[in-house]
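Everything below belongs to final_14.txt, which stores compact mmCIF, C-alpha atoms.
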```txt
# COMPACT_ATOMS: atom_id res chain seq x y z
CA ASP U 183 109.58 -107.98 -106.76
CA ASN U 184 112.35 -106.74 -109.06
CA GLY U 185 113.70 -104.49 -106.31
CA PHE U 186 115.96 -104.55 -103.30
CA LYS U 187 116.27 -103.40 -99.72
CA ALA U 188 119.28 -101.29 -98.79
CA TYR U 189 120.82 -101.39 -95.32
CA PHE U 190 123.42 -99.18 -93.69
CA ASN U 191 126.41 -100.32 -91.63
CA ASP U 192 124.35 -100.66 -88.44
CA GLY U 193 122.04 -103.23 -90.04
CA ALA U 194 119.14 -100.80 -90.37
CA GLN U 195 117.38 -99.87 -93.59
CA LEU U 196 118.47 -96.55 -95.02
CA ILE U 197 116.86 -93.28 -94.03
CA ALA U 198 117.73 -89.73 -95.05
CA PRO U 199 120.24 -88.62 -96.09
CA HIS U 200 121.74 -92.00 -97.02
CA ASP U 201 118.65 -93.21 -98.92
CA LYS U 202 118.78 -90.17 -101.17
CA ALA U 203 122.49 -90.71 -101.77
CA VAL U 204 121.87 -94.29 -102.92
CA ILE U 205 119.08 -93.22 -105.26
CA ALA U 206 121.36 -90.52 -106.66
CA GLU U 207 123.86 -93.24 -107.59
CA VAL U 208 121.09 -95.33 -109.15
CA ASN U 209 119.95 -92.37 -111.21
CA LYS U 210 123.45 -91.95 -112.60
CA LEU U 211 123.14 -95.28 -114.42
CA THR U 212 122.53 -95.01 -118.14
CA GLY U 213 122.38 -98.69 -119.08
CA ASP U 214 122.84 -102.30 -117.94
CA SER U 215 126.52 -102.60 -118.84
CA TYR U 216 129.37 -101.49 -116.67
CA GLU U 217 133.12 -101.44 -116.71
CA ALA U 218 134.67 -103.32 -113.81
CA LEU U 219 136.99 -101.46 -111.48
CA PRO U 220 140.68 -102.37 -111.49
CA ALA U 221 141.29 -105.52 -109.43
CA GLU U 222 143.03 -103.61 -106.66
CA GLN U 223 139.91 -101.42 -106.18
CA GLN U 224 137.40 -104.23 -106.13
CA GLY U 225 135.78 -105.36 -102.90
CA SER U 226 135.30 -108.95 -101.83
CA LEU U 227 132.32 -111.15 -101.14
CA ARG U 228 132.27 -113.27 -97.99
CA VAL U 229 129.71 -116.06 -97.69
CA LEU U 230 128.85 -116.73 -94.05
CA ASP U 231 128.73 -120.38 -93.02
CA SER U 232 126.31 -122.06 -90.62
CA SER U 233 128.42 -121.16 -87.59
CA PHE U 234 126.89 -117.69 -87.78
CA ASP U 235 123.44 -119.23 -87.31
CA SER U 236 124.67 -120.60 -83.99
CA VAL U 237 126.03 -117.20 -82.97
CA TYR U 238 122.69 -115.59 -83.84
CA ILE U 239 120.62 -118.25 -82.04
CA GLU U 240 122.68 -117.96 -78.87
CA ARG U 241 122.31 -114.20 -78.96
CA LEU U 242 118.55 -114.53 -79.40
CA LYS U 243 118.32 -116.76 -76.34
CA GLY U 244 119.52 -113.78 -74.33
CA ILE U 245 116.16 -112.05 -74.79
CA VAL U 246 114.27 -114.86 -73.03
CA LEU U 247 113.07 -113.55 -69.68
CA ARG U 248 111.79 -116.76 -68.04
CA PRO U 249 113.74 -119.72 -69.46
CA ASP U 250 112.44 -122.02 -66.73
CA VAL U 251 108.82 -121.93 -67.95
CA PHE U 252 109.49 -124.29 -70.86
CA GLY U 253 110.25 -127.11 -68.43
CA LYS U 254 107.15 -126.45 -66.35
CA ALA U 255 104.41 -126.38 -68.98
CA SER U 256 103.38 -128.71 -71.79
CA ALA U 257 102.57 -125.91 -74.21
CA LYS U 258 102.67 -127.30 -77.75
CA VAL U 259 103.51 -125.19 -80.79
CA VAL U 260 103.00 -125.95 -84.48
CA TYR U 261 105.32 -123.91 -86.69
CA THR U 262 105.43 -123.34 -90.44
CA ASN U 263 107.95 -121.31 -92.41
CA LEU U 264 105.68 -121.27 -95.50
CA HIS U 265 108.46 -122.64 -97.72
CA GLY U 266 110.82 -119.90 -96.54
CA THR U 267 113.88 -119.48 -94.35
CA GLY U 268 112.47 -119.49 -90.82
CA LYS U 269 113.00 -123.16 -90.01
CA ARG U 270 116.76 -122.69 -90.20
CA CYS U 271 116.91 -120.90 -86.83
CA ILE U 272 113.47 -120.98 -85.21
CA VAL U 273 113.08 -124.74 -84.90
CA PRO U 274 116.52 -125.58 -83.44
CA MET U 275 116.26 -122.52 -81.19
CA LEU U 276 112.85 -123.45 -79.77
CA LYS U 277 113.82 -127.08 -79.31
CA SER U 278 117.07 -126.18 -77.57
CA ILE U 279 115.24 -124.22 -74.87
CA GLY U 280 112.75 -127.01 -74.26
CA CYS U 281 109.77 -125.90 -76.33
CA GLN U 282 107.57 -128.66 -77.78
CA VAL U 283 107.45 -127.69 -81.44
CA SER U 284 106.43 -129.57 -84.57
CA THR U 285 106.56 -128.34 -88.17
CA VAL U 286 104.27 -128.69 -91.17
CA ALA U 287 106.33 -131.13 -93.24
CA ALA U 288 104.77 -130.19 -96.57
CA GLN U 289 105.78 -126.57 -96.03
CA ASP U 290 109.26 -127.17 -94.58
CA VAL U 291 111.11 -127.13 -97.88
CA GLN U 292 112.32 -123.79 -99.23
CA ASP U 293 110.53 -123.31 -102.54
CA GLY U 294 109.97 -119.96 -104.21
CA ARG U 295 106.93 -121.34 -106.01
CA PHE U 296 105.17 -121.74 -102.63
CA PRO U 297 103.27 -124.81 -103.87
CA THR U 298 100.94 -125.33 -100.87
CA VAL U 299 99.58 -121.80 -100.51
CA ALA U 300 98.03 -119.18 -102.76
CA SER U 301 100.16 -116.60 -100.94
CA PRO U 302 102.91 -117.16 -98.34
CA ASN U 303 101.80 -114.07 -96.40
CA PRO U 304 101.03 -114.85 -92.73
CA GLU U 305 98.58 -111.93 -92.73
CA ASN U 306 96.31 -114.02 -94.98
CA ALA U 307 94.26 -116.60 -93.12
CA PRO U 308 94.50 -119.42 -95.73
CA ALA U 309 98.29 -119.47 -95.38
CA LEU U 310 97.84 -120.94 -91.88
CA ASP U 311 95.24 -123.59 -92.82
CA MET U 312 97.63 -126.56 -92.89
CA ALA U 313 99.28 -125.56 -89.63
CA ILE U 314 95.90 -125.11 -87.92
CA ALA U 315 94.75 -128.54 -89.11
CA GLN U 316 97.95 -130.04 -87.69
CA ALA U 317 97.45 -128.16 -84.41
CA ASP U 318 93.98 -129.65 -84.11
CA ALA U 319 95.34 -133.14 -84.78
CA GLU U 320 98.15 -132.70 -82.24
CA GLN U 321 96.08 -130.67 -79.75
CA ALA U 322 98.61 -127.85 -79.85
CA ASP U 323 97.49 -124.50 -78.46
CA LEU U 324 99.57 -122.20 -80.65
CA VAL U 325 100.35 -121.91 -84.37
CA ILE U 326 103.20 -119.72 -85.55
CA ALA U 327 103.78 -118.88 -89.22
CA THR U 328 106.57 -116.74 -90.62
CA ASP U 329 106.82 -115.24 -94.09
CA PRO U 330 109.51 -116.46 -96.52
CA ASP U 331 112.24 -114.04 -95.40
CA CYS U 332 111.25 -114.54 -91.76
CA ASP U 333 110.74 -110.97 -90.71
CA ARG U 334 106.94 -111.09 -90.14
CA MET U 335 104.91 -113.49 -88.01
CA GLY U 336 101.24 -114.51 -87.96
CA ILE U 337 99.65 -116.67 -85.26
CA ALA U 338 96.55 -118.65 -84.34
CA VAL U 339 95.66 -119.50 -80.75
CA ARG U 340 93.23 -121.97 -79.23
CA ASP U 341 90.03 -120.65 -77.71
CA THR U 342 89.71 -122.74 -74.55
CA ALA U 343 85.96 -122.02 -74.44
CA THR U 344 85.20 -123.47 -77.89
CA GLY U 345 88.30 -125.57 -78.51
CA LYS U 346 88.76 -123.90 -81.91
CA MET U 347 91.83 -122.11 -83.20
CA GLN U 348 91.44 -118.36 -83.70
CA LEU U 349 93.60 -116.11 -85.84
CA LEU U 350 94.93 -112.96 -84.22
CA THR U 351 95.73 -109.72 -86.00
CA GLY U 352 99.15 -108.11 -86.01
CA ASN U 353 97.85 -105.51 -83.58
CA GLN U 354 96.54 -108.15 -81.17
CA THR U 355 99.78 -110.14 -81.28
CA GLY U 356 101.81 -106.98 -80.74
CA CYS U 357 99.69 -106.00 -77.74
CA LEU U 358 100.16 -109.43 -76.16
CA LEU U 359 103.92 -109.27 -76.60
CA ALA U 360 104.07 -105.66 -75.39
CA TRP U 361 102.14 -106.58 -72.24
CA TYR U 362 104.29 -109.64 -71.55
CA ARG U 363 107.61 -107.86 -72.03
CA CYS U 364 106.61 -104.84 -69.93
CA MET U 365 105.04 -106.89 -67.16
CA SER U 366 107.83 -109.45 -66.95
CA MET U 367 110.72 -106.99 -66.91
CA ILE U 368 109.15 -105.12 -64.02
CA GLU U 369 108.09 -108.26 -62.16
CA LEU U 370 111.59 -109.72 -62.51
CA GLY U 371 113.21 -106.48 -61.35
CA LEU U 372 115.07 -105.81 -64.59
CA ILE U 373 113.17 -102.52 -64.72
CA ASN U 374 112.61 -100.72 -61.42
CA GLU U 375 112.07 -97.27 -59.96
CA SER U 376 115.72 -96.35 -60.40
CA ASN U 377 115.83 -96.96 -64.17
CA ILE U 378 112.26 -96.94 -65.52
CA ALA U 379 112.70 -93.37 -66.77
CA HIS U 380 115.21 -94.84 -69.23
CA THR U 381 112.74 -97.26 -70.87
CA VAL U 382 110.72 -96.96 -74.09
CA LEU U 383 108.29 -98.88 -76.24
CA VAL U 384 108.57 -97.81 -79.89
CA LYS U 385 105.76 -98.36 -82.39
CA THR U 386 104.35 -96.76 -85.50
CA PHE U 387 101.58 -94.16 -85.38
CA VAL U 388 99.20 -96.52 -87.19
CA THR U 389 99.75 -99.40 -84.76
CA SER U 390 97.17 -100.00 -82.02
CA PRO U 391 97.11 -97.29 -79.31
CA LEU U 392 96.46 -100.12 -76.86
CA GLN U 393 100.23 -100.61 -76.85
CA ASP U 394 100.65 -96.98 -75.73
CA ALA U 395 98.15 -97.59 -72.92
CA ILE U 396 99.91 -100.79 -71.81
CA ALA U 397 103.36 -99.19 -71.75
CA SER U 398 102.14 -96.07 -69.97
CA SER U 399 100.39 -98.12 -67.29
CA TYR U 400 103.77 -99.61 -66.34
CA GLY U 401 105.57 -96.26 -66.47
CA ILE U 402 107.33 -97.10 -69.76
CA ALA U 403 107.32 -94.25 -72.28
CA PRO U 404 105.58 -94.99 -75.61
CA VAL U 405 107.24 -93.41 -78.64
CA ASN U 406 105.49 -93.33 -82.02
CA VAL U 407 107.27 -93.10 -85.37
CA LEU U 408 106.29 -93.11 -89.03
CA THR U 409 105.36 -96.33 -90.81
CA GLY U 410 108.37 -98.47 -91.59
CA PHE U 411 110.77 -100.33 -89.33
CA LYS U 412 113.61 -98.11 -90.51
CA TYR U 413 112.25 -95.41 -88.23
CA ILE U 414 112.19 -97.77 -85.24
CA ALA U 415 115.75 -98.75 -86.13
CA ALA U 416 116.74 -95.08 -86.26
CA LYS U 417 115.62 -94.75 -82.64
CA LEU U 418 117.72 -97.78 -81.69
CA GLY U 419 120.73 -96.18 -83.35
CA LYS U 420 120.08 -92.96 -81.44
CA TYR U 421 119.87 -94.82 -78.12
CA GLU U 422 123.14 -96.62 -78.81
CA LYS U 423 124.95 -93.39 -79.67
CA ALA U 424 123.74 -91.81 -76.41
CA ILE U 425 125.95 -94.23 -74.46
CA PRO U 426 129.39 -92.72 -73.72
CA GLU U 427 131.73 -93.59 -76.58
CA GLU U 428 134.33 -95.31 -74.40
CA LEU U 429 131.63 -97.68 -73.05
CA ARG U 430 130.15 -98.63 -76.42
CA ARG U 431 133.31 -99.34 -78.38
CA ASP U 432 132.64 -103.10 -78.17
CA TYR U 433 128.84 -102.74 -78.21
CA ARG U 434 128.30 -105.44 -80.84
CA SER U 435 130.20 -108.04 -78.82
CA LEU U 436 128.41 -107.37 -75.53
CA SER U 437 125.68 -109.66 -74.22
CA GLU U 438 122.02 -108.64 -74.01
CA ALA U 439 122.35 -108.17 -70.25
CA GLU U 440 125.40 -105.92 -70.70
CA THR U 441 123.86 -103.68 -73.36
CA ARG U 442 120.62 -103.49 -71.35
CA ALA U 443 122.56 -102.27 -68.33
CA LEU U 444 124.29 -99.60 -70.42
CA ARG U 445 121.06 -98.36 -71.97
CA LEU U 446 119.23 -98.32 -68.63
CA GLN U 447 122.00 -96.22 -67.11
CA TYR U 448 123.02 -93.86 -69.90
CA SER U 449 120.37 -93.95 -72.60
CA LYS U 450 117.00 -95.54 -73.36
CA TYR U 451 116.29 -99.24 -73.13
CA PHE U 452 114.05 -100.57 -75.91
CA VAL U 453 111.56 -102.91 -74.22
CA PHE U 454 109.58 -103.80 -77.34
CA GLY U 455 108.48 -102.39 -80.67
CA GLY U 456 106.46 -103.17 -83.73
CA GLU U 457 103.99 -102.28 -86.42
CA GLU U 458 100.48 -103.44 -87.19
CA SER U 459 101.57 -105.30 -90.33
CA TYR U 460 102.84 -108.32 -88.36
CA GLY U 461 106.33 -107.00 -87.65
CA TYR U 462 107.84 -107.12 -84.13
CA LEU U 463 111.17 -106.58 -82.42
CA ALA U 464 112.33 -107.34 -78.88
CA GLN U 465 116.05 -106.57 -79.10
CA ASP U 466 118.36 -103.92 -80.52
CA PHE U 467 121.13 -106.12 -81.94
CA VAL U 468 118.84 -106.65 -84.94
CA ARG U 469 117.77 -103.39 -86.52
CA ASP U 470 114.74 -104.61 -88.46
CA LYS U 471 111.59 -106.56 -87.71
CA ASP U 472 112.58 -110.10 -86.74
CA ALA U 473 110.19 -113.05 -86.76
CA ASN U 474 112.86 -115.30 -85.19
CA ALA U 475 112.82 -113.19 -82.03
CA ALA U 476 109.04 -112.75 -82.20
CA ALA U 477 108.48 -116.51 -82.36
CA LEU U 478 110.78 -117.02 -79.39
CA CYS U 479 109.04 -114.34 -77.30
CA LEU U 480 105.60 -115.68 -78.16
CA ALA U 481 106.55 -119.28 -77.36
CA GLU U 482 107.91 -118.08 -74.01
CA MET U 483 104.73 -116.14 -73.26
CA ASN U 484 102.59 -119.12 -74.25
CA ALA U 485 104.55 -121.40 -71.89
CA TYR U 486 104.42 -118.81 -69.09
CA LEU U 487 100.64 -118.53 -69.37
CA ALA U 488 100.32 -122.33 -69.49
CA THR U 489 102.01 -122.55 -66.07
CA ARG U 490 99.13 -120.41 -64.79
CA GLY U 491 96.40 -122.29 -66.63
CA ILE U 492 95.68 -119.36 -68.96
CA GLY U 493 95.56 -119.33 -72.76
CA LEU U 494 96.75 -116.51 -75.00
CA LEU U 495 93.20 -115.59 -75.98
CA GLU U 496 92.10 -115.45 -72.34
CA CYS U 497 95.10 -113.24 -71.62
CA LEU U 498 94.14 -110.91 -74.46
CA ASN U 499 90.62 -110.61 -73.08
CA ASN U 500 92.05 -109.84 -69.63
CA ILE U 501 94.06 -107.03 -71.24
CA TYR U 502 90.89 -105.74 -72.91
CA LYS U 503 89.06 -105.88 -69.58
CA GLN U 504 91.80 -103.81 -67.93
CA PHE U 505 92.36 -101.21 -70.65
CA GLY U 506 89.17 -101.32 -72.68
CA TYR U 507 88.32 -103.23 -75.84
CA TYR U 508 90.39 -101.86 -78.75
CA LYS U 509 89.54 -102.39 -82.38
CA GLU U 510 91.54 -101.43 -85.45
CA LEU U 511 90.46 -101.60 -89.07
CA GLY U 512 92.62 -101.23 -92.15
CA LYS U 513 91.02 -100.32 -95.47
CA SER U 514 92.35 -99.37 -98.88
CA LEU U 515 90.87 -97.75 -101.97
CA VAL U 516 92.60 -99.01 -105.13
CA MET U 517 93.05 -96.53 -107.99
CA GLU U 518 95.18 -97.99 -110.77
CA GLY U 519 96.98 -96.40 -113.66
CA ALA U 520 98.03 -92.83 -114.29
CA ASP U 521 94.50 -91.57 -113.69
CA GLY U 522 94.41 -93.46 -110.41
CA ALA U 523 97.69 -91.94 -109.27
CA ALA U 524 96.32 -88.47 -110.03
CA LYS U 525 93.13 -89.22 -108.09
CA ILE U 526 95.13 -90.47 -105.08
CA ALA U 527 97.27 -87.33 -105.13
CA ALA U 528 94.20 -85.09 -105.42
CA LEU U 529 92.35 -86.92 -102.65
CA THR U 530 95.35 -86.71 -100.34
CA GLN U 531 95.74 -82.99 -101.07
CA SER U 532 92.06 -82.42 -100.35
CA TYR U 533 92.50 -83.75 -96.82
CA ILE U 534 95.46 -81.40 -96.32
CA ALA U 535 93.70 -78.32 -97.74
CA ASN U 536 90.22 -79.07 -96.46
CA PRO U 537 90.24 -81.48 -93.46
CA PRO U 538 86.82 -82.76 -92.40
CA ALA U 539 85.12 -80.89 -89.56
CA GLU U 540 83.18 -83.94 -88.46
CA MET U 541 82.84 -87.61 -89.32
CA ASP U 542 79.93 -89.94 -88.57
CA GLY U 543 78.31 -87.29 -86.41
CA SER U 544 81.37 -86.72 -84.23
CA LYS U 545 83.40 -83.51 -84.31
CA VAL U 546 87.03 -83.66 -85.47
CA VAL U 547 88.85 -82.22 -82.45
CA ASN U 548 92.43 -82.63 -83.64
CA VAL U 549 94.21 -82.91 -86.98
CA ARG U 550 97.80 -84.07 -87.25
CA ASP U 551 99.19 -83.20 -90.67
CA PHE U 552 102.51 -84.98 -91.20
CA SER U 553 102.98 -83.62 -94.71
CA ALA U 554 104.41 -80.27 -93.61
CA GLY U 555 107.34 -81.83 -91.73
CA THR U 556 106.78 -79.57 -88.72
CA LEU U 557 105.77 -82.20 -86.15
CA VAL U 558 108.00 -83.70 -83.46
CA ASP U 559 107.66 -87.02 -81.66
CA ALA U 560 107.40 -87.78 -77.93
CA GLU U 561 111.16 -87.35 -77.56
CA GLY U 562 111.23 -84.03 -79.36
CA ASP U 563 112.83 -85.44 -82.51
CA PRO U 564 111.58 -84.02 -85.83
CA ILE U 565 109.24 -86.34 -87.72
CA PRO U 566 110.17 -86.55 -91.43
CA ALA U 567 107.55 -85.11 -93.77
CA GLU U 568 105.14 -87.75 -95.04
CA LYS U 569 101.78 -87.45 -96.72
CA MET U 570 99.79 -88.83 -93.80
CA LEU U 571 97.05 -87.21 -91.78
CA PHE U 572 95.47 -88.26 -88.49
CA PHE U 573 91.99 -87.15 -87.45
CA ASP U 574 90.90 -87.52 -83.82
CA LEU U 575 87.16 -87.44 -83.10
CA ALA U 576 85.42 -86.12 -79.99
CA ASP U 577 84.02 -89.57 -79.16
CA GLY U 578 87.49 -91.20 -78.98
CA ARG U 579 87.54 -92.71 -82.43
CA SER U 580 90.25 -91.71 -84.90
CA PHE U 581 91.45 -92.45 -88.40
CA ALA U 582 94.57 -91.92 -90.49
CA VAL U 583 94.95 -91.45 -94.24
CA ARG U 584 98.12 -92.32 -96.14
CA PRO U 585 98.80 -92.97 -99.83
CA SER U 586 100.76 -96.18 -100.34
CA GLY U 587 104.33 -95.75 -101.44
CA THR U 588 104.45 -99.07 -103.31
CA GLU U 589 100.91 -99.83 -104.53
CA PRO U 590 98.18 -97.93 -106.42
CA LYS U 591 96.04 -97.35 -103.36
CA ILE U 592 95.28 -94.91 -100.59
CA LYS U 593 95.24 -96.47 -97.14
CA TYR U 594 92.96 -95.77 -94.20
CA TYR U 595 93.61 -96.82 -90.61
CA LEU U 596 90.63 -96.69 -88.24
CA PHE U 597 90.75 -96.88 -84.45
CA ALA U 598 88.09 -97.22 -81.75
CA HIS U 599 88.01 -98.43 -78.16
CA GLY U 600 85.70 -98.96 -75.22
CA GLU U 601 85.95 -98.01 -71.59
CA PRO U 602 88.32 -99.82 -69.17
CA GLY U 603 86.72 -102.33 -66.82
CA VAL U 604 83.97 -103.38 -69.24
CA ASP U 605 83.72 -107.04 -70.18
CA PRO U 606 85.06 -107.47 -73.75
CA ALA U 607 82.00 -109.51 -74.74
CA GLU U 608 79.82 -106.52 -73.85
CA ALA U 609 82.10 -103.86 -75.36
CA ARG U 610 83.02 -105.67 -78.60
CA PRO U 611 79.74 -105.23 -80.57
CA LEU U 612 79.48 -101.54 -79.67
CA VAL U 613 83.08 -100.75 -80.58
CA GLU U 614 82.95 -102.75 -83.80
CA ALA U 615 79.67 -101.10 -84.83
CA GLY U 616 81.30 -97.73 -84.21
CA ILE U 617 84.31 -98.48 -86.35
CA ASP U 618 82.17 -99.91 -89.17
CA ALA U 619 80.01 -96.77 -89.11
CA LEU U 620 83.14 -94.63 -89.24
CA TRP U 621 84.32 -96.41 -92.39
CA LYS U 622 80.95 -95.90 -94.10
CA ALA U 623 81.16 -92.19 -93.26
CA ILE U 624 84.70 -92.02 -94.67
CA GLU U 625 83.59 -93.73 -97.89
CA ALA U 626 80.74 -91.23 -98.26
CA ASP U 627 83.15 -88.36 -97.65
CA VAL U 628 85.57 -89.75 -100.27
CA ALA U 629 82.74 -89.85 -102.83
CA VAL U 630 82.09 -86.15 -102.23
CA ARG U 631 85.81 -85.24 -102.35
CA SER U 632 86.26 -87.17 -105.59
CA CYS U 633 83.52 -85.34 -107.50
```
Starting from the file, give its structure as structure tokens.
Amino acid sequence: DNGFKAYFNDGAQLIAPHDKAVIAEVNKLTGDSYEALPAEQQGSLRVLDSSFDSVYIERLKGIVLRPDVFGKASAKVVYTNLHGTGKRCIVPMLKSIGCQVSTVAAQDVQDGRFPTVASPNPENAPALDMAIAQADAEQADLVIATDPDCDRMGIAVRDTATGKMQLLTGNQTGCLLAWYRCMSMIELGLINESNIAHTVLVKTFVTSPLQDAIASSYGIAPVNVLTGFKYIAAKLGKYEKAIPEELRRDYRSLSEAETRALRLQYSKYFVFGGEESYGYLAQDFVRDKDANAAALCLAEMNAYLATRGIGLLECLNNIYKQFGYYKELGKSLVMEGADGAAKIAALTQSYIANPPAEMDGSKVVNVRDFSAGTLVDAEGDPIPAEKMLFFDLADGRSFAVRPSGTEPKIKYYLFAHGEPGVDPAEARPLVEAGIDALWKAIEADVAVRSC
């Protein structure tokens, strides 16, 4: 991509003011040549050997809540790293805890040309085709795919009613993991009446509100942040710093159980977090989305459900039955070139200056304008200014508008849900029709705003 990601000393991507300081240094450059510093001022480069993989894998195992389930259920998993890095840790980790996992041999090799797929993005259905075919041949009930740098995860699960594999969205996967982590920690007594006030689930504003509903139902506080895992990581840094200094001096060397105890007593314990774009996190010793941990948590959940004769898709439908059927839709309008950039800027400004009063026949009852930088989150922390607006409709639907920071497009996030207690099969067509109608209304409104 001809770019790079910059991380601070806590392992999290840079946020203000450090990001601006790095860019200031970049902007000082006047050419490609440089004069090396004197030898005594130069730093050193240390290449980590494979022993660090073992340290990382052992640390990851600490987030498993029910290690015994792998020996009780014959839940099979097919995994592909899409020619990337995931096999290095995920496969030995899953096998070491007793998970039955096979890999797609043709996609095992690391190869930046990605010869077996048009795109190695697990958000794209064709990327999982070979793994799904192998799952059918092996009668596996779960497919896990990770992107080349192994920070995002896509999955397919078997529909026990039809026998066919079904792809899940990032929102659906996140809701399953959120439910499992919340439910299990309370059922196992790790979270109880004495410490539940010190628990949080952190997600982005544009990630499914079903996760908010799940967390709240268990008494776990949902906290929403701007798009980007760096903002979730910033919360993790805040929670760590809230622990008394003398107790967190060796924080990095403490076990998961030890840091959890400290956070539950003195700070906030991060139960789970994620974003709709297939990124998840279940621990705070990694400060970015982590598909290694996500794969482990999902394999554990799959095995747990297998011991109860339930599939992941059936579990998701049970969640929908309890909380209502939730549907999310992501859309983008591409506007390329300098003219396109100007149109995106003008369209975004039009929403700020002249927000819609109604959409698809439903009154806009609330507007959240993030561009002014005056909003605070659920914990009272200021939300950095960003050109994003949220519109909540009287009928429960909502949508967000945000210009992309990396592509020539303006993004729309649409949300709708049904009533709790209604069978998902009954609610699904009504909710999906409502969200499709909302998008048509938005498109019509854009045409008017663009005149």
CA of Met312 in chain U and CA of Val339 in chain U are how many Å apart?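 CA of Val339 in chain U lies at a distance of 14.2 Å from CA of Met312 in chain U.
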With 8 Å as the cut-off and all atoms listed in the file counted, what is the closest atom pair between each nearby residue of range 378-464 of chain U and range 237-248 of chain U? Distances in Å to one decimal, ordered by chain and number, as a Markdown table.
```
| residue | atom | partner | partner_atom | distance |
| --- | --- | --- | --- | --- |
| U:Ser437 | CA | U:Arg241 | CA | 7.4 |
| U:Glu438 | CA | U:Gly244 | CA | 5.7 |
| U:Ala439 | CA | U:Gly244 | CA | 7.5 |
| U:Ala464 | CA | U:Ile245 | CA | 7.3 |
```
Between CA of Phe572 in chain U and CA of Ala535 in chain U lies a distance of 13.7 Å
Given all atoms listed in the file as the counted atoms, nearest of U:Val628, U:Leu372, U:Val407, U:Ala255 to Ala443 in chain U: U:Leu372
For each of U:Ser376, U:Thr285, U:Ser232, U:Ser278, take the minimum atom-to-atom distance to Thr328 in chain U, counting only C-alpha atoms, then give the residue where this is smallest.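 Closest to Thr328 in chain U of all the choices is U:Thr285.
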Nearest candidate to Gln447 in chain U (options U:Pro304, U:Gly461, U:Gly600, U:Pro426; using only C-alpha atoms):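 Using only C-alpha atoms, the shortest distance to Gln447 in chain U belongs to U:Pro426.
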Which residues are near Val286 in chain U? Cut-off 9 Å, all atoms listed in the file, ignore same chain within fewer than 2 positions. Put them as JSON, numbers by chain. {"U": [260, 261, 262, 263, 264, 284, 288, 289, 290, 312, 313, 316]}
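Among U:Val388, U:Val291, U:Ile373, U:Val547, the residue with the shortest atom-to-atom distance to Leu596 in chain U, counting all atoms listed in the file, is U:Val388.
Distance-wise, CA of Thr344 in chain U and CA of Phe252 in chain U end up 25.3 Å apart.
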Of the candidates U:Asn377, U:Lys187, U:Phe234, U:Tyr486, which one gets nearest to Leu444 in chain U if we count all atoms listed in the file? U:Asn377
Expected answer as a PyMOL selection string: all residues with atoms within 12 Å of (113.5, -103.7, -62.1), all atoms listed in the file: chain U and resi 364-381+400-402+442-443+446
Residues around (85.5, -81.8, -91.4), cut-off 12 Å, counting all atoms listed in the file - what are they as a PyMOL selection string? chain U and resi 532-549+573-575+623-624+627-628+631
Which residues are close to Leu350 in chain U, i.e. within 9 Å by only C-alpha atoms, leaving aside same-chain residues fewer than 2 positions away? Reply as a VMD selection string. chain U and resid 336 to 339 348 352 to 355 495
Please provide as a PyMOL selection string all residues within 8 Å of range 585-587 of chain U, with the sequence filter that same-chain residues fewer than 6 positions apart are discarded (counting all atoms listed in the file). chain U and resi 526-527+530+569-570+593
U:Asp341, U:Glu589, U:Asp231, U:Glu305: which is nearest Ser514 in chain U, counting all atoms listed in the file?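 Between U:Asp341, U:Glu589, U:Asp231, U:Glu305, the residue approaching Ser514 in chain U most closely is U:Glu589.
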Counting only C-alpha atoms, what is within 7 Å of Leu463 in chain U, bar same-chain residues fewer than 3 positions away, as a ChimeraX atom specification? /U:454-456,471-472,475-476
